Amino acid sequence: MEFDLTPKFSQKVFEGEGGAYYSWSSSEFPILGEGKVGAGKLVLQPRGFALPHYADSSKVGYVLGGGDGIVGMVFPNTSEEVVLKLKKGDVIPLAVGTVSWWFNDGDSELVIVFLGETSKSYIPGEFTYFFLSGVLGIMGGFSLEFLSRAYKMNKDEANKLAKSQTGVLIIKLQEGKTMPKPNENYTNKLVYNIEAALPDISVKNGGQVTTLTEAKFPSLDQVELSTKLVKLDANAMFSPTYTTDSSVQLIYVVKGIGQIQIVGINGKQVLDIEVKPGHLLVVPKFFVVAKLARGDGLECFSITTSKKPAFEDLASRASVWQALSPLVVEASLNVSTELEELFKSKIEKNTILIPFKN
């Protein structure tokens, strides 16, 4: 079984005065479809407005950069719009079928990457969007007869509803055009700033790991995903790990440069490559991945397709090697008692983050 796990950069799908949208195509990145995961990236210029839409996939948005942003959402089976404030480091869950719009009310570019699962999508490995308005909008798809009947308007009024918005996906609002104000209570409940959170693991000269599950951020329950932010210091290593619950990992490189290796079936190394900002990687279920930071460090944001992920690592005091009895380790590795003791003594000193030592 062959796996092409070579990381890919996104491709531009649309660009206009208000911003751009980028995605990763499963036809060019087949492992996305095989892993039933997908990704996209929204870039909004100041006053850029992404028209209301819904999608066939559950996902989380992660604000990579920019100033002030706003997202409005209407959840399935509700009739209330919630408006949330966004800033760098925010994580926003978006359940399948949720209608959302996005607006940049700041002075700098707003960038949001979306990572999600595509088990129910039309195209495995990709998000398909349905826009309510605009050139690609649902309103324009119905005949004037149906629109006028549905909204109890004459055909001239119905035609204005359907055809007045000539934008596609993203538009730029004129100065002076206002949008709804964010609700602080909803923002605190539905948005989580992972950058500001206390890390779960912090190691001097090693880095930090912050994990979000439904236990810490209940809103993740609606998308059945968990997220992780890994910040590696220069030359530090993230221990080889794998998921034990058949979940898939989707990793986006936020900044820095590093080396990533993945080992799969029959102990075969299926990836050994330098990664850069903007790269997207898929780690198939049960495959083992390790990260090594170069230069000034490496930062990655990822999702796991489980709301309660189970991980095992191979090089820390909590690893399976440490749990196995000495006699089993000796026999398995065919090494002497002395080397087994040295091996375990080194592991005992490690966490999942391993600093570089000269």
# chains A, B, ... in the order shown; residues from 1 in each chain; ligands from 1
$ select_by_dssp --residues "range 84-300 of chain A" --states "alpha helix (DSSP H)" --output "PyMOL selection string"
chain A and resi 144-151+155-163+184-190
$ residues_around --residues "Glu109 in chain A" --least-positions-apart "4" --cutoff "6 Å" --atoms "only C-alpha atoms" --output "CSV table (one decimal) with N, CA, C and O atoms, in the first residue's frame"
chain,number,residue,atom,x,y,z
A,44,LEU,N,-9.2,37.9,4.2
A,44,LEU,CA,-10.1,39.1,4.1
A,44,LEU,C,-9.2,40.4,4.2
A,44,LEU,O,-8.5,40.6,5.2
A,45,GLN,N,-9.4,41.2,3.2
A,45,GLN,CA,-8.8,42.6,3.3
A,45,GLN,C,-9.7,43.4,4.2
A,45,GLN,O,-10.8,43.1,4.5
A,66,GLY,N,-3.9,39.0,11.8
A,66,GLY,CA,-4.7,40.1,11.4
A,66,GLY,C,-5.3,40.8,12.7
A,66,GLY,O,-5.0,40.4,13.8
$ closest_atom_pairs --of "range 55-113 of chain A" --to "range 13-31 of chain A" --cutoff "12 Å" --atoms "only C-alpha atoms" --output "tab-separated table"
residue	atom	partner	partner_atom	distance
A:Trp102	CA	A:Gly19	CA	11.1
A:Phe103	CA	A:Gly18	CA	9.5
A:Asn104	CA	A:Gly18	CA	9.1
A:Asp105	CA	A:Gly18	CA	11.6
A:Ser108	CA	A:Gly19	CA	11.6
A:Glu109	CA	A:Gly19	CA	8.6
A:Leu110	CA	A:Gly19	CA	9.1
A:Val111	CA	A:Ala20	CA	9.6
A:Ile112	CA	A:Tyr21	CA	9.8
A:Val113	CA	A:Tyr22	CA	9.1
$ residues_around --residues "Gly61 in chain A" --least-positions-apart "3" --cutoff "10 Å" --atoms "only C-alpha atoms" --output "list in words"
Ala39, Gly40, Lys41, Leu42, Leu64, Gly89, Asp90, Val91, Ile92, Pro93, Leu94, Val111, Ile112, Val113, Phe114, Leu115, Gly116 and Val191 of chain A
$ select_by_dssp --residues "range 55-127 of chain A" --states "strand (DSSP E or B)" --output "count of residues only"
40
$ atom_distance --atom1 "CA of Phe301 in chain A" --atom2 "CA of Ile260 in chain A"
14.2 Å
$ closest_residue --among "A:Lys120, A:Lys357, A:Arg294, A:Arg317" --to "Lys344 in chain A" --atoms "only C-alpha atoms"
A:Arg317
